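What follows is a set of notes on a single structure, which appears directly below.
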Amino acid sequence: MTTTEETEVTLAVGQQKELPAAPDASGHHPDREMHAILEIGVRSPSGAGHTGAPAPGTGPALAEVLIVDTSRSMLHPAAKLHAAKDATVAAVRMLPDGTAFAVLSGRFEAGVVHPGPGREVLAVAGPGEREAAERAVRILDADGGTALGAWLDLARRLLKDQPAPVKHVLLLTDGRNEHDHRSDRPLDTVLDACAGRFVCDAWGIGDDWDAELLLRITRRLHGRARAVRAESELAAAYEELVAGLLGTAVPELRIRLTPTPGTAIRQVTQVVPHEQELPPVPAGSGGRGTEYVTRAWGDEVRHFQVVLTADPTGRETGEDLQLAAVEIVVPDARRPVRLPAPQPVLVRWTDNPLDASRQHPGVRRHELYQRASAAVAQAYRAWLRGTDSRDTADRALARALALAGELGDAQLLGALRLIEAAPGTGRVRSGLKDVDWQHLILSSALTTPPEQQAAAAPAAVPGPASAGTGPSGPPGAPGSGAPPPPEPALAGLPVRADGLVECPDCRWLGPADSVYCGGDCGRLLRGAPA
């Protein structure tokens with residue numbers, strides 16, 4: 001197998017290593033927070049992506065459930081229902097033969113449109129099944145209300161036993177979960193049951209959908225929230241989404257963090273292309289490692305912020321020490337995947353307050369996005385209150401515009417200027433409808449890396465798939481990309497007969513290629529500091 005036939009995964013760790021070692025005013029050494037940005041990229045062979053065809057010797061790669069809102073409001077205007085039918089048919093036509101799929105209609109309850117009412121099974125795509133699904137979709141009518149929990153719960157039951165590595169739900173709604181209280185499957189309970197079972201993308205259509213509701217669903221179910229401004233745009237949007245699903249290069253990717261003793265993992269959050277907190281799961285290999293699951297990777301780069309805490313008491317100052325090792329795990333890969341070598345998150349304890357005050361640009365960027373999103377939310381709330389709060393809305397909009405300018409985010413700036421009365425005024429224009437704000441809220445939830453990083457190839461050079469199986473790995477210069485090449489072990493640090501090396505300070509045993517100690521001291525074992 002040549003490297004050109006492998007999907008490559010890359011990893012770069014960016015951080016400002018210095019943390020204050022000095023005690024606080026009371027003489028205590030409080031735990032200090034280390035923030036690191038992980039830049040993880042996936043690139044399929046020759047950048048071509050995959051076609052959705054199963055790998056040799058495996059089954060279909062995708063199982064798909066399409067949910068169409070058929071509540072009464074979809075008839076006001078009827079163009080919404082017509083667009084939903086066209087888009088659903090367009091998506092079904094793209095499904096490769098052998099793909100398991102179903103189409104559901106959503107009202108107070110959910111029903112199976114295809115393969116048929118009362119059948120809690122998935123159809124298998126082929127010419128006949130696609131044509132039958134299209135006929136069933138074309139005769140859909142609309143009535144009743146909206147209870148999204150019931151819709152997603154039926155999708156969960158249908159996908160429960162599916163072996164496909166990518167299980168996906170595409171949900172379309174024009175409303176606000178108004179009848180959740182009438183359902184015996186409330187949305188929050190259903191989201192708990194669905195989390196980790198499938199990925200859900202949620203779309204809004206018309207003038208009365210709720211951006212925060214779509215974001216709430218997609219943040220829990222690892223998807224993205226989107227909407228169309230014109231009904232005629234929906235079919236092309238669905239085709240683009242399905243094409244992306246069929247190009248999934250890595251169905252599941254796990255970030256494994258192994259902290260050194262005395263280090264605690266506080267939080268791991270995806271920050272690009274949108275914010276999503278990742279819950280921890282125990283590492284499959286046992287030990288101190290913790291894993292964070294991400295799903296449905298195409299050819300793309302995502303950024304994650306890791307927050308660790310550590311105590312400087314008794315630690316050396318001015319020396320790079322390992323706080324945690326970062327490893328990428330791709331379970332049950334159906335195609336050859338080339339993984340990067342593990343990399344360390346480091347700390348350098350310092351008594352210099354200037355060094356300790358510096359912030360990594362990626363961390364700063366995430367904070368700016370959070371502030372911009374909060375400013376948009378404040379402007380919207382003030383606008384809802386009416387004329388008396390117009391000044392508050394204007395100030396919040398001006399603040400959001402300034403933050404978007406500092407970020408250099410053209411997409412967010414463009415969305416904000418649709419709300420602004422005239423360029424440069426920083427004032428909310430008159431005549432806005434609620435849906436204008438919903439589009440802005442969705443736009444403010446999207447994030448981008450700095451332009452120079454977005455235009456560049458993934459920063460880290462992947463290592464061999466078998467490299468770095470231990471709890472520490474070679475360091476990369478923070479934010480610079482490639483890890484340094486392996487260097488000979490220091491004199492006096494021999495490799496034992498069992499293939500391990502022993503740290504001379506804390507007696508930790510680890511792989512012979514370990515650069516930093518994975519034990520209590522976290523010291524450099526070989527090579528030069530990053």
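Here's how to read the names in the structure tokens: chain A, B, ... by the order shown, residue numbers from 1 in each chain, ligand numbers from 1 in the order shown.
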
Show which residues sit within 12 Å of A:Thr392, as an MDAnalysis selection string. Count only C-alpha atoms, and ignore same-chain residues fewer than 5 positions away.
chainID A and resid 375:387 397:399 426:428

Give me a file of those residues, with N, CA, C and O atoms, as an mmCIF file, in the first residue's frame.
```
data_model
loop_
_atom_site.group_PDB
_atom_site.id
_atom_site.type_symbol
_atom_site.label_atom_id
_atom_site.label_comp_id
_atom_site.auth_asym_id
_atom_site.auth_seq_id
_atom_site.Cartn_x
_atom_site.Cartn_y
_atom_site.Cartn_z
ATOM 1 N N ALA A 375 -22.754 39.268 21.333
ATOM 2 C CA ALA A 375 -23.225 40.587 20.914
ATOM 3 C C ALA A 375 -24.420 40.460 19.967
ATOM 4 O O ALA A 375 -25.382 41.245 20.057
ATOM 5 N N VAL A 376 -24.383 39.482 19.053
ATOM 6 C CA VAL A 376 -25.522 39.251 18.162
ATOM 7 C C VAL A 376 -26.759 38.879 18.971
ATOM 8 O O VAL A 376 -27.865 39.395 18.723
ATOM 9 N N ALA A 377 -26.589 37.981 19.945
ATOM 10 C CA ALA A 377 -27.723 37.564 20.770
ATOM 11 C C ALA A 377 -28.290 38.754 21.545
ATOM 12 O O ALA A 377 -29.520 38.907 21.675
ATOM 13 N N GLN A 378 -27.425 39.635 22.068
ATOM 14 C CA GLN A 378 -27.898 40.806 22.811
ATOM 15 C C GLN A 378 -28.644 41.764 21.888
ATOM 16 O O GLN A 378 -29.697 42.313 22.258
ATOM 17 N N ALA A 379 -28.120 41.965 20.669
ATOM 18 C CA ALA A 379 -28.797 42.848 19.720
ATOM 19 C C ALA A 379 -30.190 42.312 19.377
ATOM 20 O O ALA A 379 -31.161 43.086 19.295
ATOM 21 N N TYR A 380 -30.291 41.009 19.183
ATOM 22 C CA TYR A 380 -31.588 40.410 18.845
ATOM 23 C C TYR A 380 -32.582 40.563 19.998
ATOM 24 O O TYR A 380 -33.742 40.958 19.788
ATOM 25 N N ARG A 381 -32.137 40.293 21.209
ATOM 26 C CA ARG A 381 -33.040 40.422 22.369
ATOM 27 C C ARG A 381 -33.524 41.864 22.514
ATOM 28 O O ARG A 381 -34.701 42.119 22.818
ATOM 29 N N ALA A 382 -32.614 42.825 22.309
ATOM 30 C CA ALA A 382 -33.005 44.234 22.414
ATOM 31 C C ALA A 382 -33.988 44.606 21.303
ATOM 32 O O ALA A 382 -34.962 45.346 21.532
ATOM 33 N N TRP A 383 -33.765 44.089 20.093
ATOM 34 C CA TRP A 383 -34.680 44.361 18.973
ATOM 35 C C TRP A 383 -36.074 43.824 19.283
ATOM 36 O O TRP A 383 -37.086 44.473 18.963
ATOM 37 N N LEU A 384 -36.153 42.664 19.920
ATOM 38 C CA LEU A 384 -37.448 42.088 20.264
ATOM 39 C C LEU A 384 -38.227 42.979 21.237
ATOM 40 O O LEU A 384 -39.468 43.009 21.202
ATOM 41 N N ARG A 385 -37.484 43.697 22.080
ATOM 42 C CA ARG A 385 -38.150 44.544 23.072
ATOM 43 C C ARG A 385 -38.728 45.818 22.456
ATOM 44 O O ARG A 385 -39.513 46.520 23.102
ATOM 45 N N GLY A 386 -38.342 46.153 21.235
ATOM 46 C CA GLY A 386 -38.967 47.270 20.540
ATOM 47 C C GLY A 386 -38.193 48.565 20.634
ATOM 48 O O GLY A 386 -37.007 48.612 20.971
ATOM 49 N N THR A 387 -38.900 49.664 20.375
ATOM 50 C CA THR A 387 -38.284 50.986 20.210
ATOM 51 C C THR A 387 -37.494 51.411 21.428
ATOM 52 O O THR A 387 -36.425 52.035 21.301
ATOM 53 N N LEU A 397 -24.948 45.671 17.987
ATOM 54 C CA LEU A 397 -24.618 45.416 16.587
ATOM 55 C C LEU A 397 -23.267 46.030 16.236
ATOM 56 O O LEU A 397 -22.450 45.395 15.546
ATOM 57 N N ALA A 398 -23.016 47.248 16.695
ATOM 58 C CA ALA A 398 -21.735 47.892 16.419
ATOM 59 C C ALA A 398 -20.589 47.087 17.021
ATOM 60 O O ALA A 398 -19.514 46.948 16.412
ATOM 61 N N ARG A 399 -20.813 46.550 18.210
ATOM 62 C CA ARG A 399 -19.772 45.724 18.845
ATOM 63 C C ARG A 399 -19.526 44.456 18.036
ATOM 64 O O ARG A 399 -18.374 44.049 17.827
ATOM 65 N N GLY A 426 -23.414 51.244 12.019
ATOM 66 C CA GLY A 426 -23.530 50.451 13.231
ATOM 67 C C GLY A 426 -24.918 50.499 13.834
ATOM 68 O O GLY A 426 -25.094 50.208 15.018
ATOM 69 N N ARG A 427 -25.926 50.807 13.041
ATOM 70 C CA ARG A 427 -27.302 50.903 13.528
ATOM 71 C C ARG A 427 -28.167 49.832 12.858
ATOM 72 O O ARG A 427 -27.982 49.500 11.685
ATOM 73 N N VAL A 428 -29.111 49.312 13.614
ATOM 74 C CA VAL A 428 -30.016 48.288 13.102
ATOM 75 C C VAL A 428 -30.998 48.929 12.128
ATOM 76 O O VAL A 428 -31.619 49.959 12.422
#
```

Could you give me, as a PyMOL selection string, each residue of stretch 239-329 of chain A that DSSP assigns to strand (DSSP E) when run on this structure's backbone?
chain A and resi 250-259+264-272+276-277+280-282+290-297+300-310+320-329

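Distance annotation: of A:Leu19, A:Leu346, A:Val9, A:Val281, the residue with the minimal separation from A:Leu323 is A:Leu346; atom set is only C-alpha atoms.
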
How many Å separate atom CA of A:Arg43 from atom CA of A:Gln305?
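Separating atom CA of A:Arg43 from atom CA of A:Gln305 is a distance of 21.1 Å.
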
For A:Ala415: contacts at 9 Å, only C-alpha atoms, fewer than 5 positions along chain excluded, given as number ranges by chain
A: 410, 439-440, 443-444

For stretch 62-78 of chain A: contacts at 9 Å, only C-alpha atoms, fewer than 5 positions along chain excluded, given as a compact mmCIF listing (two decimals) with all heavy atoms, in the first residue's frame:
```
# COMPACT_ATOMS: atom_id res chain seq x y z
N GLY A 52 -18.67 7.19 -1.90
CA GLY A 52 -19.80 6.57 -1.24
C GLY A 52 -19.89 5.08 -1.50
O GLY A 52 -20.66 4.38 -0.86
N PRO A 54 -18.79 1.29 -1.10
CA PRO A 54 -18.12 0.64 0.02
C PRO A 54 -16.72 0.20 -0.35
O PRO A 54 -16.42 -0.11 -1.51
CB PRO A 54 -19.03 -0.56 0.33
CG PRO A 54 -19.78 -0.80 -0.95
CD PRO A 54 -19.94 0.53 -1.59
N ALA A 83 -40.88 22.64 -2.19
CA ALA A 83 -39.41 22.66 -2.14
C ALA A 83 -38.89 21.49 -1.32
O ALA A 83 -37.87 20.87 -1.68
CB ALA A 83 -38.92 23.98 -1.57
N ALA A 84 -39.55 21.17 -0.22
CA ALA A 84 -39.13 20.04 0.61
C ALA A 84 -39.21 18.73 -0.16
O ALA A 84 -38.33 17.88 -0.07
CB ALA A 84 -39.98 19.97 1.88
N LYS A 85 -40.28 18.57 -0.94
CA LYS A 85 -40.42 17.36 -1.75
C LYS A 85 -39.31 17.29 -2.81
O LYS A 85 -38.67 16.23 -2.99
CB LYS A 85 -41.79 17.34 -2.44
CG LYS A 85 -42.97 17.17 -1.50
CD LYS A 85 -44.27 17.21 -2.30
CE LYS A 85 -45.49 17.11 -1.43
NZ LYS A 85 -46.74 17.10 -2.23
N THR A 88 -35.95 16.47 -1.13
CA THR A 88 -35.89 15.09 -0.64
C THR A 88 -35.69 14.12 -1.80
O THR A 88 -34.88 13.19 -1.73
CB THR A 88 -37.16 14.74 0.15
OG1 THR A 88 -37.31 15.67 1.23
CG2 THR A 88 -37.10 13.33 0.69
N ALA A 91 -32.13 14.28 -3.01
CA ALA A 91 -31.21 13.55 -2.13
C ALA A 91 -31.32 12.05 -2.33
O ALA A 91 -30.31 11.34 -2.39
CB ALA A 91 -31.50 13.92 -0.67
N VAL A 92 -32.55 11.54 -2.44
CA VAL A 92 -32.74 10.09 -2.63
C VAL A 92 -32.10 9.63 -3.93
O VAL A 92 -31.48 8.56 -3.99
CB VAL A 92 -34.25 9.76 -2.61
CG1 VAL A 92 -34.49 8.33 -3.09
CG2 VAL A 92 -34.81 9.93 -1.19
N LEU A 95 -28.37 8.63 -3.67
CA LEU A 95 -27.92 7.54 -2.82
C LEU A 95 -27.44 6.37 -3.65
O LEU A 95 -28.17 5.86 -4.51
CB LEU A 95 -29.05 7.09 -1.89
CG LEU A 95 -29.58 8.16 -0.91
CD1 LEU A 95 -30.74 7.60 -0.10
CD2 LEU A 95 -28.47 8.68 0.00
N THR A 99 -27.36 1.49 -0.35
CA THR A 99 -27.44 2.38 0.81
C THR A 99 -28.78 2.18 1.52
O THR A 99 -29.84 2.22 0.90
CB THR A 99 -27.31 3.85 0.37
OG1 THR A 99 -26.06 4.04 -0.28
CG2 THR A 99 -27.41 4.79 1.56
N ALA A 100 -28.73 1.98 2.83
CA ALA A 100 -29.95 1.88 3.63
C ALA A 100 -30.52 3.28 3.84
O ALA A 100 -29.78 4.21 4.19
CB ALA A 100 -29.65 1.22 4.97
N PHE A 101 -31.83 3.45 3.64
CA PHE A 101 -32.41 4.79 3.79
C PHE A 101 -33.89 4.70 4.12
O PHE A 101 -34.55 3.67 3.92
CB PHE A 101 -32.21 5.62 2.51
CG PHE A 101 -33.15 5.28 1.39
CD1 PHE A 101 -34.25 6.09 1.12
CD2 PHE A 101 -32.96 4.16 0.58
CE1 PHE A 101 -35.13 5.80 0.08
CE2 PHE A 101 -33.83 3.86 -0.46
CZ PHE A 101 -34.92 4.69 -0.71
N ALA A 102 -34.41 5.81 4.62
CA ALA A 102 -35.84 5.95 4.86
C ALA A 102 -36.19 7.42 4.74
O ALA A 102 -35.35 8.30 4.93
CB ALA A 102 -36.22 5.42 6.24
N VAL A 103 -37.46 7.68 4.42
CA VAL A 103 -38.01 9.04 4.42
C VAL A 103 -39.13 9.08 5.46
O VAL A 103 -40.02 8.23 5.44
CB VAL A 103 -38.56 9.43 3.03
CG1 VAL A 103 -39.13 10.85 3.08
CG2 VAL A 103 -37.48 9.32 1.97
N LEU A 104 -39.06 10.05 6.36
CA LEU A 104 -40.08 10.21 7.40
C LEU A 104 -40.82 11.52 7.20
O LEU A 104 -40.26 12.50 6.69
CB LEU A 104 -39.43 10.22 8.79
CG LEU A 104 -38.44 9.11 9.15
CD1 LEU A 104 -38.00 9.25 10.61
CD2 LEU A 104 -39.04 7.75 8.90
N SER A 105 -42.08 11.56 7.64
CA SER A 105 -42.83 12.81 7.71
C SER A 105 -43.03 13.14 9.18
O SER A 105 -43.24 12.26 10.01
CB SER A 105 -44.18 12.68 7.01
OG SER A 105 -45.00 11.73 7.68
N GLY A 106 -42.94 14.45 9.49
CA GLY A 106 -43.03 14.88 10.88
C GLY A 106 -44.21 15.79 11.14
O GLY A 106 -44.37 16.82 10.49
N ARG A 107 -45.04 15.37 12.12
CA ARG A 107 -46.16 16.19 12.59
C ARG A 107 -46.15 16.11 14.12
O ARG A 107 -45.11 16.29 14.72
CB ARG A 107 -47.48 15.68 12.00
CG ARG A 107 -47.50 15.72 10.47
CD ARG A 107 -48.82 15.23 9.89
NE ARG A 107 -48.79 15.23 8.42
CZ ARG A 107 -49.79 14.85 7.65
NH1 ARG A 107 -50.93 14.44 8.20
NH2 ARG A 107 -49.68 14.88 6.33
N PHE A 108 -47.32 15.86 14.74
CA PHE A 108 -47.32 15.58 16.18
C PHE A 108 -46.52 14.31 16.45
O PHE A 108 -45.87 14.17 17.48
CB PHE A 108 -48.75 15.40 16.70
CG PHE A 108 -49.57 16.65 16.66
CD1 PHE A 108 -50.77 16.69 15.97
CD2 PHE A 108 -49.15 17.80 17.31
CE1 PHE A 108 -51.54 17.84 15.94
CE2 PHE A 108 -49.91 18.96 17.29
CZ PHE A 108 -51.11 18.98 16.59
N ALA A 110 -44.18 11.07 14.14
CA ALA A 110 -43.44 10.83 12.90
C ALA A 110 -43.98 9.58 12.23
O ALA A 110 -44.36 8.62 12.91
CB ALA A 110 -41.95 10.66 13.20
N LEU A 122 -35.36 0.05 7.28
CA LEU A 122 -34.86 0.90 6.21
C LEU A 122 -34.96 0.19 4.87
O LEU A 122 -34.79 -1.03 4.80
CB LEU A 122 -33.40 1.31 6.48
CG LEU A 122 -33.13 2.13 7.74
CD1 LEU A 122 -31.67 2.56 7.78
CD2 LEU A 122 -34.03 3.35 7.83
N LEU A 140 -47.10 13.58 -0.60
CA LEU A 140 -47.19 14.04 0.78
C LEU A 140 -48.09 15.27 0.88
O LEU A 140 -48.05 16.16 0.03
CB LEU A 140 -45.81 14.39 1.32
CG LEU A 140 -44.93 13.23 1.81
CD1 LEU A 140 -43.54 13.75 2.17
CD2 LEU A 140 -45.57 12.54 3.00
N ASP A 141 -48.88 15.32 1.96
CA ASP A 141 -49.67 16.49 2.29
C ASP A 141 -49.22 16.97 3.68
O ASP A 141 -48.38 16.34 4.32
CB ASP A 141 -51.16 16.16 2.28
CG ASP A 141 -52.02 17.41 2.13
OD1 ASP A 141 -51.46 18.52 2.10
OD2 ASP A 141 -53.26 17.26 2.06
N ALA A 142 -49.76 18.08 4.13
CA ALA A 142 -49.34 18.65 5.41
C ALA A 142 -50.53 18.90 6.31
O ALA A 142 -51.59 19.37 5.86
CB ALA A 142 -48.58 19.96 5.17
N ASP A 143 -50.34 18.60 7.60
CA ASP A 143 -51.37 18.83 8.61
C ASP A 143 -50.72 18.63 9.98
O ASP A 143 -49.65 18.03 10.09
CB ASP A 143 -52.55 17.88 8.42
CG ASP A 143 -53.80 18.36 9.17
OD1 ASP A 143 -53.80 19.51 9.63
OD2 ASP A 143 -54.75 17.57 9.30
N GLY A 144 -51.38 19.12 11.02
CA GLY A 144 -50.89 18.87 12.37
C GLY A 144 -49.81 19.84 12.81
O GLY A 144 -49.58 20.89 12.21
N GLY A 145 -49.11 19.47 13.90
CA GLY A 145 -48.15 20.35 14.53
C GLY A 145 -46.73 19.84 14.46
O GLY A 145 -46.40 18.95 13.66
N THR A 146 -45.87 20.38 15.36
CA THR A 146 -44.43 20.10 15.31
C THR A 146 -43.96 19.57 16.65
O THR A 146 -44.08 20.26 17.68
CB THR A 146 -43.65 21.39 14.96
OG1 THR A 146 -44.13 21.90 13.72
CG2 THR A 146 -42.17 21.11 14.87
N TRP A 151 -39.88 12.92 16.07
CA TRP A 151 -39.28 12.67 14.76
C TRP A 151 -37.90 12.03 14.92
O TRP A 151 -37.59 11.04 14.25
CB TRP A 151 -39.13 13.98 13.99
CG TRP A 151 -40.38 14.81 13.85
CD1 TRP A 151 -41.63 14.53 14.35
CD2 TRP A 151 -40.48 16.06 13.18
NE1 TRP A 151 -42.49 15.54 14.04
CE2 TRP A 151 -41.83 16.49 13.30
CE3 TRP A 151 -39.58 16.86 12.48
CZ2 TRP A 151 -42.27 17.70 12.77
CZ3 TRP A 151 -40.03 18.06 11.92
CH2 TRP A 151 -41.36 18.47 12.07
N LEU A 152 -37.09 12.63 15.78
CA LEU A 152 -35.73 12.12 15.95
C LEU A 152 -35.72 10.75 16.63
O LEU A 152 -34.85 9.92 16.38
CB LEU A 152 -34.90 13.11 16.77
CG LEU A 152 -34.55 14.41 16.04
CD1 LEU A 152 -33.94 15.43 17.01
CD2 LEU A 152 -33.56 14.13 14.90
N ALA A 155 -36.21 8.16 14.02
CA ALA A 155 -34.95 8.00 13.28
C ALA A 155 -33.96 7.16 14.07
O ALA A 155 -33.26 6.31 13.51
CB ALA A 155 -34.37 9.38 12.97
N LEU A 158 -34.87 3.49 13.81
CA LEU A 158 -34.59 2.94 12.49
C LEU A 158 -33.09 2.69 12.29
O LEU A 158 -32.70 1.73 11.62
CB LEU A 158 -35.09 3.90 11.41
CG LEU A 158 -36.61 4.01 11.24
CD1 LEU A 158 -36.97 5.17 10.34
CD2 LEU A 158 -37.18 2.71 10.68
N LEU A 159 -32.26 3.55 12.85
CA LEU A 159 -30.81 3.44 12.63
C LEU A 159 -30.11 2.56 13.66
O LEU A 159 -28.92 2.27 13.51
CB LEU A 159 -30.17 4.84 12.66
CG LEU A 159 -30.52 5.76 11.48
CD1 LEU A 159 -30.06 7.18 11.78
CD2 LEU A 159 -29.88 5.24 10.19
N GLN A 162 -28.15 -0.50 12.39
CA GLN A 162 -27.50 -0.38 11.10
C GLN A 162 -25.98 -0.47 11.25
O GLN A 162 -25.38 0.19 12.10
CB GLN A 162 -27.86 0.96 10.45
CG GLN A 162 -29.25 0.99 9.87
CD GLN A 162 -29.42 -0.03 8.76
OE1 GLN A 162 -28.58 -0.15 7.88
NE2 GLN A 162 -30.52 -0.78 8.81
N PRO A 163 -25.31 -1.28 10.41
CA PRO A 163 -23.85 -1.45 10.53
C PRO A 163 -23.05 -0.37 9.79
O PRO A 163 -21.83 -0.32 9.95
CB PRO A 163 -23.61 -2.82 9.89
CG PRO A 163 -24.70 -2.94 8.86
CD PRO A 163 -25.90 -2.23 9.44
N ALA A 164 -23.70 0.47 8.99
CA ALA A 164 -22.97 1.46 8.21
C ALA A 164 -22.18 2.38 9.13
O ALA A 164 -22.68 2.81 10.17
CB ALA A 164 -23.93 2.29 7.35
N PRO A 165 -20.94 2.71 8.79
CA PRO A 165 -20.12 3.55 9.67
C PRO A 165 -20.63 4.98 9.77
O PRO A 165 -20.41 5.64 10.79
CB PRO A 165 -18.73 3.51 9.02
CG PRO A 165 -18.97 3.12 7.60
CD PRO A 165 -20.18 2.23 7.61
N VAL A 166 -21.32 5.49 8.72
CA VAL A 166 -21.89 6.84 8.78
C VAL A 166 -23.41 6.70 8.85
O VAL A 166 -24.05 6.30 7.88
CB VAL A 166 -21.50 7.68 7.54
CG1 VAL A 166 -22.13 9.06 7.63
CG2 VAL A 166 -19.99 7.78 7.42
N LYS A 167 -23.95 7.02 10.02
CA LYS A 167 -25.41 7.03 10.20
C LYS A 167 -25.82 8.50 10.31
O LYS A 167 -25.35 9.21 11.20
CB LYS A 167 -25.80 6.22 11.44
CG LYS A 167 -25.58 4.73 11.25
CD LYS A 167 -25.96 3.93 12.48
CE LYS A 167 -24.80 3.82 13.45
NZ LYS A 167 -23.72 2.96 12.96
N HIS A 168 -26.71 8.92 9.41
CA HIS A 168 -26.97 10.35 9.26
C HIS A 168 -28.46 10.62 9.16
O HIS A 168 -29.20 9.87 8.52
CB HIS A 168 -26.26 10.89 8.01
CG HIS A 168 -26.45 12.36 7.82
ND1 HIS A 168 -27.41 12.88 6.98
CD2 HIS A 168 -25.79 13.42 8.36
CE1 HIS A 168 -27.33 14.21 7.02
NE2 HIS A 168 -26.37 14.55 7.84
N VAL A 169 -28.88 11.73 9.79
CA VAL A 169 -30.26 12.19 9.71
C VAL A 169 -30.24 13.61 9.16
O VAL A 169 -29.48 14.46 9.63
CB VAL A 169 -30.95 12.17 11.09
CG1 VAL A 169 -32.31 12.84 11.03
CG2 VAL A 169 -31.08 10.73 11.59
N LEU A 170 -31.09 13.86 8.16
CA LEU A 170 -31.25 15.19 7.58
C LEU A 170 -32.66 15.66 7.93
O LEU A 170 -33.64 15.10 7.45
CB LEU A 170 -31.05 15.14 6.07
CG LEU A 170 -30.64 16.44 5.35
CD1 LEU A 170 -30.30 16.16 3.90
CD2 LEU A 170 -31.70 17.50 5.45
N LEU A 171 -32.73 16.65 8.80
CA LEU A 171 -34.01 17.12 9.34
C LEU A 171 -34.34 18.49 8.76
O LEU A 171 -33.49 19.40 8.79
CB LEU A 171 -33.96 17.18 10.87
CG LEU A 171 -35.23 17.58 11.62
CD1 LEU A 171 -35.21 16.95 13.02
CD2 LEU A 171 -35.37 19.10 11.77
N LEU A 172 -35.55 18.66 8.27
CA LEU A 172 -36.02 19.95 7.75
C LEU A 172 -37.26 20.37 8.52
O LEU A 172 -38.19 19.58 8.71
CB LEU A 172 -36.38 19.84 6.27
CG LEU A 172 -37.02 21.10 5.65
CD1 LEU A 172 -35.98 22.20 5.47
CD2 LEU A 172 -37.68 20.76 4.31
N THR A 173 -37.27 21.65 8.97
CA THR A 173 -38.46 22.16 9.65
C THR A 173 -38.66 23.63 9.30
O THR A 173 -37.70 24.35 9.01
CB THR A 173 -38.36 21.99 11.18
OG1 THR A 173 -39.58 22.45 11.79
CG2 THR A 173 -37.19 22.78 11.75
N ASP A 174 -39.92 24.06 9.36
CA ASP A 174 -40.22 25.47 9.13
C ASP A 174 -40.69 26.14 10.41
O ASP A 174 -41.11 27.29 10.40
CB ASP A 174 -41.30 25.63 8.05
CG ASP A 174 -42.69 25.29 8.55
OD1 ASP A 174 -42.81 24.43 9.46
OD2 ASP A 174 -43.68 25.87 8.03
N GLY A 175 -40.66 25.41 11.53
CA GLY A 175 -41.29 25.94 12.74
C GLY A 175 -40.45 25.80 13.98
O GLY A 175 -39.27 25.49 13.94
N GLY A 206 -38.50 28.79 5.24
CA GLY A 206 -39.60 29.70 5.53
C GLY A 206 -39.17 30.84 6.44
O GLY A 206 -37.99 31.19 6.53
N LEU A 245 -21.55 13.92 2.30
CA LEU A 245 -21.67 12.68 3.08
C LEU A 245 -21.05 11.50 2.33
O LEU A 245 -20.35 10.67 2.93
CB LEU A 245 -23.13 12.38 3.37
CG LEU A 245 -23.84 13.24 4.40
CD1 LEU A 245 -25.32 12.97 4.39
CD2 LEU A 245 -23.26 12.99 5.79
N LEU A 246 -21.30 11.43 1.03
CA LEU A 246 -20.76 10.32 0.25
C LEU A 246 -19.25 10.44 0.10
O LEU A 246 -18.58 9.46 -0.21
CB LEU A 246 -21.42 10.28 -1.12
CG LEU A 246 -22.94 10.02 -1.10
CD1 LEU A 246 -23.50 10.06 -2.51
CD2 LEU A 246 -23.25 8.68 -0.44
```

Spatial neighbours of A:Glu129, 9 Å, only C-alpha atoms, chain gap at least 6 places, as an MDAnalysis selection string
chainID A and resid 114:115 123

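Using only C-alpha atoms, the nearest neighbour of A:Val347 within the list A:Pro282, A:Gly126, A:Gly522, A:Gly414 is A:Gly522.
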
So that I can see what lies close to A:Glu131, please list as number ranges by chain the residues with an atom at most 10 Å from it, counting only C-alpha atoms and leaving out residues fewer than 4 positions away in the same chain.
A: 89, 92-93, 125-127, 135-137
